[in-house]
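File shown: run-v2.tsv (TSV, C-alpha atoms).
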```
chain	number	residue	atom	x	y	z
A	950	MET	CA	33.11	-84.89	51.17
A	951	MET	CA	34.47	-83.35	47.96
A	952	LYS	CA	31.06	-83.62	46.28
A	953	ARG	CA	29.49	-81.81	49.23
A	954	VAL	CA	32.02	-78.94	49.00
A	955	VAL	CA	31.44	-78.61	45.27
A	956	SER	CA	27.68	-78.54	45.83
A	957	ILE	CA	28.02	-75.80	48.42
A	958	PHE	CA	30.20	-73.66	46.15
A	959	LEU	CA	27.83	-74.29	43.24
A	960	GLY	CA	24.87	-73.24	45.35
A	961	ILE	CA	26.63	-70.05	46.47
A	962	PHE	CA	27.57	-69.28	42.83
A	963	LEU	CA	24.01	-69.73	41.66
A	964	ILE	CA	22.61	-67.59	44.45
A	965	PHE	CA	25.04	-64.74	43.79
A	966	GLY	CA	24.51	-65.10	40.06
A	967	LEU	CA	20.75	-64.91	40.49
A	968	VAL	CA	21.02	-61.88	42.75
A	969	SER	CA	23.37	-60.22	40.27
A	970	CYS	CA	21.01	-60.88	37.35
A	971	GLN	CA	18.06	-59.58	39.33
A	972	ALA	CA	20.02	-56.47	40.28
A	973	GLU	CA	21.05	-55.90	36.68
A	974	GLY	CA	17.53	-56.44	35.43
A	975	GLY	CA	16.18	-54.07	38.07
A	976	LYS	CA	18.71	-51.45	37.02
A	977	ARG	CA	17.73	-51.70	33.37
A	978	GLY	CA	14.09	-51.46	34.34
A	979	GLN	CA	14.76	-48.35	36.40
A	980	GLU	CA	16.71	-46.71	33.59
A	981	GLU	CA	13.83	-47.31	31.22
A	982	LYS	CA	11.41	-45.95	33.78
A	983	ASN	CA	13.53	-42.82	34.24
A	984	LYS	CA	13.57	-42.30	30.47
A	985	LEU	CA	9.77	-42.28	30.38
A	986	ASP	CA	9.40	-40.23	33.56
A	987	ILE	CA	9.34	-36.87	31.77
A	988	SER	CA	7.20	-34.85	34.17
A	989	SER	CA	5.87	-35.06	37.70
A	990	SER	CA	2.40	-34.24	36.37
A	991	LEU	CA	2.34	-36.77	33.50
A	992	ASN	CA	1.71	-40.44	34.29
A	993	HIS	CA	2.84	-43.02	31.72
A	994	THR	CA	-0.18	-45.07	30.63
A	995	GLY	CA	1.08	-47.30	27.82
A	996	GLU	CA	2.79	-47.46	24.45
A	997	MET	CA	1.85	-47.66	20.79
A	998	LYS	CA	1.73	-51.21	19.46
A	999	LEU	CA	4.18	-51.57	16.58
A	1000	GLU	CA	4.56	-54.80	14.62
A	1001	TYR	CA	7.37	-53.97	12.20
A	1002	ALA	CA	8.65	-50.41	12.67
A	1003	LYS	CA	11.90	-50.10	14.63
A	1004	GLU	CA	12.91	-46.51	13.90
A	1005	PHE	CA	10.38	-44.81	16.18
A	1006	SER	CA	8.29	-45.44	19.26
A	1007	VAL	CA	5.37	-43.71	20.94
A	1008	ASP	CA	4.52	-43.68	24.64
A	1009	TYR	CA	1.21	-42.45	26.00
A	1010	TYR	CA	0.52	-40.34	29.08
A	1011	ASP	CA	-2.65	-39.27	30.79
A	1012	ASP	CA	-4.65	-36.29	29.47
A	1013	GLY	CA	-3.79	-37.26	25.87
A	1014	PHE	CA	-0.08	-36.43	25.91
A	1015	ALA	CA	2.27	-38.62	23.86
A	1016	LEU	CA	6.04	-38.94	23.59
A	1017	ILE	CA	7.53	-39.72	20.17
A	1018	GLN	CA	11.09	-41.07	20.13
A	1019	ILE	CA	13.01	-41.34	16.84
A	1020	SER	CA	15.97	-43.70	16.40
A	1021	ASN	CA	18.33	-40.72	15.97
A	1022	GLY	CA	17.65	-39.77	19.61
A	1023	ASP	CA	15.19	-36.94	18.96
A	1024	ARG	CA	12.18	-36.79	21.29
A	1025	PHE	CA	8.91	-34.93	20.77
A	1026	LEU	CA	6.09	-34.31	23.21
A	1027	VAL	CA	2.73	-34.13	21.43
A	1028	ILE	CA	0.56	-31.70	23.38
A	1029	PRO	CA	-3.23	-32.09	22.97
A	1030	GLU	CA	-5.29	-29.13	21.83
A	1031	GLY	CA	-6.17	-26.88	24.75
A	1032	LYS	CA	-3.40	-28.28	26.96
A	1033	GLU	CA	-0.08	-26.74	27.97
A	1034	CYS	CA	3.28	-28.42	28.32
A	1035	PRO	CA	4.21	-29.06	31.97
A	1036	LYS	CA	6.98	-26.71	33.06
A	1037	ASP	CA	9.26	-29.48	34.30
A	1038	VAL	CA	9.56	-31.28	30.93
A	1039	ASP	CA	13.19	-31.37	29.75
A	1040	LYS	CA	13.92	-28.57	27.28
A	1041	GLU	CA	15.60	-31.07	24.93
A	1042	ILE	CA	12.19	-32.68	24.33
A	1043	VAL	CA	10.70	-30.77	21.39
A	1044	ARG	CA	7.12	-29.60	21.80
A	1045	ILE	CA	4.53	-30.24	19.09
A	1046	GLN	CA	1.24	-28.52	19.79
A	1047	GLN	CA	-1.97	-29.96	18.39
A	1048	PRO	CA	-3.69	-29.31	16.15
A	1049	VAL	CA	-0.64	-29.44	13.90
A	1050	ARG	CA	-1.08	-26.95	11.07
A	1051	ASN	CA	0.81	-25.54	8.09
A	1052	ILE	CA	3.34	-28.37	7.83
A	1053	TYR	CA	6.43	-27.89	5.64
A	1054	LEU	CA	6.80	-31.33	4.05
A	1055	VAL	CA	10.17	-32.40	2.68
A	1056	ALA	CA	10.00	-36.18	3.30
A	1057	SER	CA	8.15	-37.26	0.16
A	1058	ALA	CA	7.28	-40.68	1.64
A	1059	ALA	CA	4.99	-38.93	4.13
A	1060	MET	CA	2.80	-37.25	1.49
A	1061	ASP	CA	1.03	-40.47	0.54
A	1062	ILE	CA	0.41	-41.13	4.22
A	1063	PHE	CA	-1.22	-37.74	4.81
A	1064	SER	CA	-3.23	-38.22	1.61
A	1065	SER	CA	-4.44	-41.64	2.77
A	1066	LEU	CA	-5.36	-40.16	6.15
A	1067	ASP	CA	-7.43	-37.45	4.36
A	1068	SER	CA	-5.18	-34.92	6.08
A	1069	LEU	CA	-3.59	-33.01	3.22
A	1070	ASP	CA	-5.18	-29.90	4.72
A	1071	LEU	CA	-2.52	-30.05	7.44
A	1072	ILE	CA	0.23	-29.53	4.84
A	1073	ARG	CA	0.79	-25.96	3.68
A	1074	PHE	CA	4.30	-26.05	2.24
A	1075	SER	CA	6.12	-28.55	0.01
A	1076	ALA	CA	9.77	-29.03	-0.94
A	1077	LEU	CA	8.65	-30.37	-4.33
A	1078	LYS	CA	6.87	-28.43	-7.05
A	1079	ALA	CA	3.55	-29.68	-8.38
A	1080	ASP	CA	5.13	-31.54	-11.30
A	1081	GLY	CA	7.36	-33.43	-8.87
A	1082	TRP	CA	4.42	-35.15	-7.20
A	1083	TYR	CA	2.93	-38.35	-8.65
A	1084	ILE	CA	0.29	-38.51	-5.94
A	1085	GLU	CA	-2.72	-37.05	-7.71
A	1086	LYS	CA	-4.31	-35.40	-4.67
A	1087	ALA	CA	-1.03	-33.74	-3.71
A	1088	ARG	CA	-0.43	-32.47	-7.22
A	1089	LYS	CA	-3.96	-31.03	-7.43
A	1090	ALA	CA	-3.64	-29.39	-4.01
A	1091	MET	CA	-0.52	-27.61	-5.25
A	1092	GLU	CA	-2.10	-26.62	-8.55
A	1093	ASP	CA	-5.05	-25.20	-6.60
A	1094	GLY	CA	-2.74	-23.26	-4.29
A	1095	GLU	CA	-3.73	-25.20	-1.17
A	1096	ILE	CA	-0.13	-26.39	-0.81
A	1097	ARG	CA	2.64	-24.00	-1.80
A	1098	TYR	CA	6.15	-24.64	-2.99
A	1099	ALA	CA	8.49	-23.29	-0.29
A	1100	GLY	CA	11.92	-24.27	-1.57
A	1101	LYS	CA	13.87	-27.51	-1.52
A	1102	TYR	CA	15.27	-28.98	1.69
A	1103	SER	CA	18.66	-27.27	1.36
A	1104	ALA	CA	17.25	-23.81	0.53
A	1105	PRO	CA	13.80	-23.32	2.05
A	1106	ASP	CA	11.92	-20.04	1.72
A	1107	TYR	CA	12.20	-19.05	5.37
A	1108	GLU	CA	10.12	-15.89	4.95
A	1109	GLN	CA	7.20	-17.77	3.43
A	1110	ILE	CA	7.41	-20.62	5.96
A	1111	ILE	CA	7.61	-18.32	8.98
A	1112	SER	CA	4.93	-15.87	7.82
A	1113	GLY	CA	2.72	-18.88	7.05
A	1114	GLU	CA	2.89	-19.92	10.72
A	1115	CYS	CA	4.45	-23.31	10.02
A	1116	GLY	CA	3.76	-25.63	12.94
A	1117	LEU	CA	6.07	-28.49	11.95
A	1118	ALA	CA	8.77	-29.32	9.40
A	1119	ILE	CA	8.99	-32.97	8.35
A	1120	GLU	CA	12.40	-33.59	6.79
A	1121	ASN	CA	14.15	-36.65	5.41
A	1122	THR	CA	17.70	-37.59	6.38
A	1123	MET	CA	19.12	-35.41	3.58
A	1124	ILE	CA	18.73	-32.53	6.03
A	1125	TYR	CA	21.94	-33.69	7.74
A	1126	HIS	CA	23.84	-32.57	4.63
A	1127	THR	CA	22.75	-29.03	5.47
A	1128	PRO	CA	22.40	-29.02	9.28
A	1129	GLU	CA	22.30	-25.23	9.33
A	1130	VAL	CA	18.84	-25.38	7.75
A	1131	LYS	CA	17.51	-27.52	10.60
A	1132	GLU	CA	19.09	-25.17	13.12
A	1133	GLU	CA	17.58	-22.13	11.41
A	1134	LEU	CA	14.07	-23.59	11.40
A	1135	GLU	CA	14.39	-24.51	15.06
A	1136	LYS	CA	15.68	-21.03	15.86
A	1137	PHE	CA	12.38	-19.67	14.60
A	1138	GLY	CA	10.50	-22.05	16.90
A	1139	ILE	CA	9.53	-24.57	14.21
A	1140	PRO	CA	9.81	-28.22	15.38
A	1141	VAL	CA	11.81	-30.37	12.94
A	1142	LEU	CA	10.99	-34.08	12.78
A	1143	VAL	CA	13.33	-36.19	10.64
A	1144	ASP	CA	11.57	-39.10	8.94
A	1145	TYR	CA	13.59	-42.32	9.26
A	1146	SER	CA	11.08	-44.58	7.52
A	1147	SER	CA	13.57	-45.32	4.73
A	1148	TYR	CA	15.83	-46.94	7.35
A	1149	GLU	CA	13.25	-49.57	8.28
A	1150	ASN	CA	14.44	-53.10	7.54
A	1151	SER	CA	10.95	-54.32	6.77
A	1152	PRO	CA	8.83	-52.86	3.94
A	1153	LEU	CA	5.87	-52.92	6.31
A	1154	GLY	CA	8.01	-51.03	8.82
A	1155	ARG	CA	8.00	-48.12	6.38
A	1156	THR	CA	4.23	-48.33	6.06
A	1157	GLU	CA	3.79	-48.47	9.84
A	1158	TRP	CA	4.94	-44.85	10.04
A	1159	VAL	CA	1.32	-44.10	9.20
A	1160	LYS	CA	0.69	-44.63	12.92
A	1161	LEU	CA	3.10	-41.85	13.86
A	1162	TYR	CA	1.54	-39.41	11.40
A	1163	GLY	CA	-1.90	-40.60	12.43
A	1164	LEU	CA	-1.03	-39.51	15.96
A	1165	LEU	CA	0.05	-36.06	14.76
A	1166	ALA	CA	-3.09	-35.72	12.62
A	1167	ASN	CA	-5.28	-36.96	15.49
A	1168	LYS	CA	-6.44	-39.87	13.34
A	1169	GLU	CA	-4.92	-42.87	15.06
A	1170	LYS	CA	-7.89	-45.16	14.45
A	1171	LYS	CA	-7.84	-44.51	10.71
A	1172	ALA	CA	-4.06	-44.99	10.67
A	1173	GLU	CA	-4.46	-48.38	12.32
A	1174	GLU	CA	-7.06	-49.40	9.74
A	1175	LEU	CA	-4.85	-48.29	6.83
A	1176	PHE	CA	-1.87	-50.20	8.17
A	1177	ASN	CA	-3.92	-53.35	8.75
A	1178	GLU	CA	-5.13	-53.25	5.13
A	1179	GLN	CA	-1.55	-53.36	3.86
A	1180	ALA	CA	-0.44	-55.90	6.47
A	1181	ASN	CA	-3.30	-58.24	5.54
A	1182	ALA	CA	-2.49	-57.92	1.82
A	1183	PHE	CA	1.12	-58.76	2.61
A	1184	ARG	CA	0.17	-61.80	4.71
A	1185	GLU	CA	-2.03	-63.12	1.92
A	1186	ILE	CA	0.84	-62.99	-0.58
A	1187	SER	CA	3.47	-64.32	1.83
A	1188	SER	CA	1.38	-67.42	2.46
A	1189	LYS	CA	1.71	-68.44	-1.18
A	1190	GLU	CA	4.28	-70.93	-2.41
A	1191	ARG	CA	7.71	-69.49	-3.21
A	1192	ILE	CA	8.74	-69.35	-6.86
A	1193	ASP	CA	12.39	-68.27	-6.44
A	1194	LYS	CA	12.59	-66.81	-9.93
A	1195	THR	CA	15.51	-64.38	-10.05
A	1196	VAL	CA	14.89	-60.66	-10.48
A	1197	ALA	CA	17.27	-57.79	-11.33
A	1198	PHE	CA	16.13	-54.29	-10.33
A	1199	PHE	CA	18.19	-51.38	-11.72
A	1200	TYR	CA	18.51	-48.20	-13.71
A	1201	ILE	CA	21.23	-46.87	-16.00
A	1202	THR	CA	22.77	-43.51	-15.16
A	1203	GLY	CA	23.59	-40.76	-17.61
A	1204	ASN	CA	27.25	-41.83	-17.70
A	1205	GLY	CA	26.39	-45.45	-18.52
A	1206	GLU	CA	26.83	-46.97	-15.07
A	1207	VAL	CA	24.21	-49.30	-13.60
A	1208	ASN	CA	22.66	-48.37	-10.27
A	1209	VAL	CA	21.31	-51.30	-8.25
A	1210	ARG	CA	19.79	-51.76	-4.80
A	1211	LYS	CA	21.80	-53.36	-2.02
A	1212	SER	CA	20.34	-56.56	-0.61
A	1213	SER	CA	19.54	-54.78	2.69
A	1214	ASP	CA	17.25	-52.31	0.91
A	1215	TYR	CA	13.50	-52.70	1.24
A	1216	LEU	CA	12.88	-53.32	-2.49
A	1217	PRO	CA	14.98	-56.52	-2.66
A	1218	LYS	CA	13.14	-57.60	0.47
A	1219	MET	CA	9.82	-56.95	-1.26
A	1220	ILE	CA	10.98	-59.13	-4.15
A	1221	LYS	CA	11.70	-61.91	-1.67
A	1222	LEU	CA	8.36	-61.42	0.09
A	1223	ALA	CA	6.67	-61.69	-3.32
A	1224	GLY	CA	8.21	-65.14	-3.81
A	1225	GLY	CA	11.09	-64.11	-6.02
A	1226	LYS	CA	14.85	-63.99	-5.51
A	1227	TYR	CA	16.86	-60.80	-5.89
A	1228	ILE	CA	19.77	-61.49	-8.23
A	1229	PHE	CA	22.20	-59.54	-6.00
A	1230	GLU	CA	21.09	-61.22	-2.79
A	1231	HIS	CA	24.35	-60.59	-0.93
A	1232	LEU	CA	25.32	-57.25	-2.45
A	1233	GLY	CA	26.57	-54.80	0.17
A	1234	ASP	CA	26.50	-57.29	3.07
A	1235	GLU	CA	30.13	-56.51	3.84
A	1236	GLU	CA	29.53	-52.76	3.97
A	1237	ASP	CA	28.27	-50.82	6.96
A	1238	THR	CA	26.79	-47.71	5.35
A	1239	ALA	CA	23.41	-46.07	5.25
A	1240	SER	CA	23.38	-46.02	1.45
A	1241	SER	CA	20.84	-48.41	-0.05
A	1242	THR	CA	22.24	-48.34	-3.60
A	1243	MET	CA	25.51	-48.72	-5.43
A	1244	SER	CA	26.75	-48.26	-8.98
A	1245	MET	CA	28.72	-50.66	-11.14
A	1246	GLN	CA	30.01	-50.82	-14.69
A	1247	MET	CA	27.70	-52.37	-17.30
A	1248	GLU	CA	30.13	-55.26	-17.85
A	1249	GLU	CA	30.00	-56.17	-14.16
A	1250	PHE	CA	26.20	-55.91	-14.17
A	1251	TYR	CA	26.02	-58.13	-17.25
A	1252	SER	CA	28.25	-60.76	-15.65
A	1253	SER	CA	26.02	-60.98	-12.56
A	1254	ALA	CA	22.53	-60.41	-13.97
A	1255	LYS	CA	22.57	-61.78	-17.53
A	1256	ASP	CA	20.76	-64.96	-16.47
A	1257	ALA	CA	18.10	-63.25	-14.33
A	1258	ASP	CA	14.61	-64.55	-15.12
A	1259	TYR	CA	13.12	-61.04	-14.95
A	1260	ILE	CA	14.56	-57.55	-15.16
A	1261	ILE	CA	12.75	-54.49	-13.81
A	1262	TYR	CA	13.90	-51.03	-14.81
A	1263	ASN	CA	13.63	-48.36	-12.12
A	1264	SER	CA	12.12	-45.29	-13.81
A	1265	THR	CA	12.20	-43.00	-10.78
A	1266	ILE	CA	15.45	-41.24	-11.69
A	1267	GLU	CA	15.75	-41.36	-15.45
A	1268	GLY	CA	12.04	-41.48	-16.35
A	1269	GLU	CA	9.64	-44.13	-17.64
A	1270	LEU	CA	10.39	-46.24	-20.71
A	1271	SER	CA	7.83	-46.98	-23.40
A	1272	SER	CA	9.38	-50.05	-25.03
A	1273	VAL	CA	12.16	-52.63	-24.91
A	1274	LYS	CA	13.76	-50.65	-27.74
A	1275	ASP	CA	14.05	-47.66	-25.38
A	1276	LEU	CA	15.87	-49.86	-22.87
A	1277	MET	CA	18.18	-51.30	-25.54
A	1278	GLY	CA	19.13	-47.74	-26.46
A	1279	LYS	CA	20.78	-47.38	-23.06
A	1280	SER	CA	23.17	-50.29	-23.69
A	1281	PRO	CA	23.40	-52.81	-26.57
A	1282	LEU	CA	24.72	-55.35	-24.05
A	1283	LEU	CA	21.20	-55.71	-22.66
A	1284	LYS	CA	20.17	-57.63	-25.80
A	1285	LYS	CA	22.15	-60.61	-24.49
A	1286	PHE	CA	20.16	-60.87	-21.24
A	1287	LYS	CA	18.05	-63.98	-20.77
A	1288	ALA	CA	15.04	-61.90	-19.65
A	1289	VAL	CA	15.22	-59.75	-22.78
A	1290	LYS	CA	15.35	-62.79	-25.04
A	1291	GLU	CA	12.37	-64.34	-23.25
A	1292	GLY	CA	10.33	-61.13	-23.12
A	1293	ASN	CA	10.39	-60.71	-19.34
A	1294	VAL	CA	11.26	-57.02	-19.18
A	1295	TYR	CA	9.37	-54.58	-16.95
A	1296	CYS	CA	9.50	-50.94	-15.87
A	1297	THR	CA	8.22	-49.20	-12.75
A	1298	THR	CA	5.84	-46.27	-12.84
A	1299	LYS	CA	7.23	-42.94	-11.61
A	1300	ASN	CA	4.99	-42.94	-8.54
A	1301	LEU	CA	6.38	-46.19	-7.10
A	1302	TYR	CA	8.58	-44.59	-4.44
A	1303	GLN	CA	6.05	-41.97	-3.39
A	1304	SER	CA	3.37	-44.62	-2.83
A	1305	SER	CA	4.40	-45.51	0.71
A	1306	MET	CA	0.88	-46.68	1.59
A	1307	GLU	CA	0.77	-49.25	-1.21
A	1308	VAL	CA	3.32	-51.80	-0.04
A	1309	GLY	CA	0.80	-54.64	-0.30
A	1310	THR	CA	-0.10	-53.64	-3.86
A	1311	ILE	CA	3.55	-53.37	-4.94
A	1312	ILE	CA	4.39	-56.78	-3.49
A	1313	SER	CA	1.31	-58.14	-5.26
A	1314	ASP	CA	2.64	-56.70	-8.55
A	1315	LEU	CA	5.98	-58.41	-7.99
A	1316	ASN	CA	4.25	-61.68	-7.14
A	1317	LYS	CA	2.24	-61.54	-10.36
A	1318	ILE	CA	5.44	-61.02	-12.33
A	1319	VAL	CA	7.41	-63.93	-10.83
A	1320	THR	CA	4.40	-66.25	-11.17
A	1321	GLY	CA	3.92	-65.33	-14.83
A	1322	GLU	CA	0.44	-63.89	-14.19
A	1323	ASP	CA	1.20	-60.25	-14.87
A	1324	ASN	CA	-2.28	-59.02	-15.76
A	1325	GLY	CA	-3.63	-56.07	-13.80
A	1326	LEU	CA	-0.34	-54.62	-12.59
A	1327	THR	CA	-0.50	-51.24	-10.83
A	1328	TYR	CA	3.01	-49.89	-10.19
A	1329	ILE	CA	4.97	-51.96	-12.73
A	1330	TYR	CA	4.26	-52.51	-16.43
A	1331	LYS	CA	5.63	-54.82	-19.09
A	1332	LEU	CA	7.85	-53.48	-21.85
A	1333	ARG	CA	7.22	-54.80	-25.35
```

Now that the file is in, can you turn its structure into C-alpha cells?
Amino acid sequence: MMKRVVSIFLGIFLIFGLVSCQAEGGKRGQEEKNKLDISSSLNHTGEMKLEYAKEFSVDYYDDGFALIQISNGDRFLVIPEGKECPKDVDKEIVRIQQPVRNIYLVASAAMDIFSSLDSLDLIRFSALKADGWYIEKARKAMEDGEIRYAGKYSAPDYEQIISGECGLAIENTMIYHTPEVKEELEKFGIPVLVDYSSYENSPLGRTEWVKLYGLLANKEKKAEELFNEQANAFREISSKERIDKTVAFFYITGNGEVNVRKSSDYLPKMIKLAGGKYIFEHLGDEEDTASSTMSMQMEEFYSSAKDADYIIYNSTIEGELSSVKDLMGKSPLLKKFKAVKEGNVYCTTKNLYQSSMEVGTIISDLNKIVTGEDNGLTYIYKLR
C-alpha cells in the first residue's frame, strides 16, 4: 500500500515538474521571440552563424534587413540601400543606412578587417595619424588623403566629421571614458557602434568580427571566406602535438615596471593554442576586471619568469628592439633569465596588434618558436 502511495505522489510530482519546465521553456522562448519581433512588417528569417564570437549577434529579416546586437546591449538595424526603416521599430534601435559611407574609425582592430575586405573606401576619417598605422594600405590611404585624421577618440574634430557626412562612428571601449563624445556624435545623427572584439575569449572570436563588418560593407561572402582561411590555419596548428614549452610575454615601462598579459587575455590563449604554455597561466584569475594586463616590479617578474624557455618582448608600446643588448639595457636582471642564456629571446613587430585578420599567422609564428623551428616568422623576430 505504502509503495502505491509513493508511486502516485512521485507520478504527480513528475507531471507537475514536467508541466512547469515546459511552461518555463515556453516563456523563455516567447521572450526571445519578442526580442526579435522588432516590427510588424519585418519577418525574422534566420541568424548569422558564429563559431567563436560571443560579443555580438546578427539576426536576418526579409527584404535584406538585419539586426546587430552587441554584448553591451546596443542594437542596430541595418537598412538595405533603397529601403526605409519601418515606422514601428523601437527608437532605441539605432538605424544604419546602407551603403555605409564616410566612417570615422577609432577601433584600430577594425582597420585590418576593412583592408582585408577591400573596403577601405568606406572609411573617411581616422583617430590615428598616418604614422600610427602599421597596415600599409591604411597608411598609404592617409598619405594620399583618402582617409583623413579627424582627432583622437576623446577629442574628435566634430566640424570635419559632420561636414564630411559621416555615416557611422566605430569606437573602441575607451569611448566610455569620455561618454560625452558618444552623446555628441549621436546628437548629430551619427550612429556609434562600440567594437567589443577585444573582449572575446577566443582569438578566433576577435577575427570573427569580420562577419559583422562584412555585413556593414555588404561583403558577407568575402567575410566568410576570410574567416574560414584563419580558422583553417588555426585548426591545422591545433592538431599538432603539444610542446608545453613555457613562454613569457611582456614589456618594460618607462618607470621600470614589467607589464604582462593576464591569463584570460587572448595572447596567452594564442600561446596555448600554438602548443606552448604561458608562464603566468593563472595570473588575474582571482580578479573580475575588464583589464587584460597588469604591472609588477622587475624582481617579482624575475622570480616568476626567470626559468621560462622563451621570452617575447611586446614592442607595441615602447617600440621595437634591434638586439638582445637593447633588451638588457632595460634591466640588467634580464641577463640571469634562462631564455637569455640559451638565446631564446624574441620581439614582436609593431603591427602585431593591428593585424586582427592574421590570427592564424600569429599562432603559426608562436608554434614555430616553441618547436624550435623559427624560420620564416612574420609578426615576431629573434633578437641576437

Using all atoms listed in the file, I'd like a table of the residues in stretch 1058-1136 of chain A that come within 10 Å of stretch 1165-1177 of chain A; for each, show the closest atom pair and its distance in Å rounded to one decimal, ordered by chain and ascending number, as CSV.
```
residue,atom,partner,partner_atom,distance
A:Ile1062,CA,A:Ala1172,CA,8.7
A:Phe1063,CA,A:Ala1166,CA,8.3
A:Ser1065,CA,A:Leu1175,CA,7.8
A:Leu1066,CA,A:Ala1172,CA,6.7
A:Asp1067,CA,A:Lys1168,CA,9.4
A:Ser1068,CA,A:Ala1166,CA,6.9
A:Leu1069,CA,A:Ala1166,CA,9.8
A:Leu1071,CA,A:Ala1166,CA,7.7
```

Which neighbours of A:Trp1158 fall inside 10 Å, counting all atoms listed in the file, when residues of the same chain fewer than 6 positions from it are skipped, and could you give them as a short mmCIF file (atom, residue, chain, number, x, y, z; two decimals) with C-alpha atoms, in the frame of the given file?
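For reference, around.cif as written:
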```cif
data_model
loop_
_atom_site.label_atom_id
_atom_site.label_comp_id
_atom_site.auth_asym_id
_atom_site.auth_seq_id
_atom_site.Cartn_x
_atom_site.Cartn_y
_atom_site.Cartn_z
CA LEU A 999 4.18 -51.57 16.58
CA TYR A 1001 7.37 -53.97 12.20
CA ALA A 1002 8.65 -50.41 12.67
CA LYS A 1003 11.90 -50.10 14.63
CA GLU A 1004 12.91 -46.51 13.90
CA PHE A 1005 10.38 -44.81 16.18
CA SER A 1006 8.29 -45.44 19.26
CA ALA A 1058 7.28 -40.68 1.64
CA ALA A 1059 4.99 -38.93 4.13
CA ILE A 1062 0.41 -41.13 4.22
CA ASP A 1144 11.57 -39.10 8.94
CA TYR A 1145 13.59 -42.32 9.26
CA SER A 1146 11.08 -44.58 7.52
CA GLU A 1149 13.25 -49.57 8.28
CA LEU A 1164 -1.03 -39.51 15.96
CA ALA A 1172 -4.06 -44.99 10.67
CA PHE A 1176 -1.87 -50.20 8.17
CA SER A 1305 4.40 -45.51 0.71
CA MET A 1306 0.88 -46.68 1.59
#
```

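Applying the 10 Å criterion to (13.1, -32.4, 28.2) in file coordinates and using only C-alpha atoms, one obtains the residues Ile987, Ser988, Arg1024, Phe1025, Leu1026, Lys1036, Asp1037, Val1038, Asp1039, Lys1040, Glu1041, Ile1042, Val1043 and Arg1044 of chain A.
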
* Nearest to A:Gln1303 by atom-to-atom distance, counting only C-alpha atoms, from A:Lys1032, A:Tyr1328, A:Ser989, A:Ile1111 -> A:Tyr1328

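The interatomic distance for the pair atom CA of A:Thr1156 and atom CA of A:Ala1104 works out to 28.3 Å.
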
* Asked: Looking at only C-alpha atoms, which of A:Asp1070, A:Pro1152, A:Glu1157, A:Val1055 is the one that sits closest to A:Lys998?
  -> A:Glu1157

* To do: May I have the residues within 12 Å of A:Arg1184 as a VMD selection string, using only C-alpha atoms and disregarding those fewer than 3 positions away in the same chain?
  => chain A and resid 1153 1177 to 1181 1187 to 1189 1222 to 1223 1308 to 1310 1312 to 1313

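The coordinates place atom CA of A:Gln1246 at 23.8 Å from atom CA of A:Gly1292.
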
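For the atom pair formed by atom CA of A:Asp1106 and atom CA of A:Asn1021, the distance is 25.9 Å, given to one decimal.
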
* To do: Compile the contact shell of A:Phe1198 as a ChimeraX atom specification: residues with an atom at most 8 Å away, counting only C-alpha atoms, same-chain residues fewer than 3 positions apart removed.
  => /A:1209-1210,1227,1260-1263

Those selected residues, please, written with C-alpha atoms and delivered as a PDB file, in the coordinates of the input.
```
ATOM      1  CA  VAL A1209      21.310 -51.300  -8.250  1.00  0.00           C
ATOM      2  CA  ARG A1210      19.790 -51.760  -4.800  1.00  0.00           C
ATOM      3  CA  TYR A1227      16.860 -60.800  -5.890  1.00  0.00           C
ATOM      4  CA  ILE A1260      14.560 -57.550 -15.160  1.00  0.00           C
ATOM      5  CA  ILE A1261      12.750 -54.490 -13.810  1.00  0.00           C
ATOM      6  CA  TYR A1262      13.900 -51.030 -14.810  1.00  0.00           C
ATOM      7  CA  ASN A1263      13.630 -48.360 -12.120  1.00  0.00           C
TER       8      ASN A1263
END
```

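Proximity ranking of A:Lys1255, A:Lys1285, A:Lys1279, A:Lys1194 relative to A:Thr1320 places A:Lys1194 first, based on only C-alpha atoms.
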
* To do: Do a neighbour search on A:Phe1199 at 12 Å with only C-alpha atoms, toss out local chain neighbours closer than 6 positions, and write the hits as a PyMOL selection string.
  => chain A and resi 1206-1211+1216-1217+1227-1229+1242-1245+1247+1250-1251+1254+1259-1267+1276+1294-1297
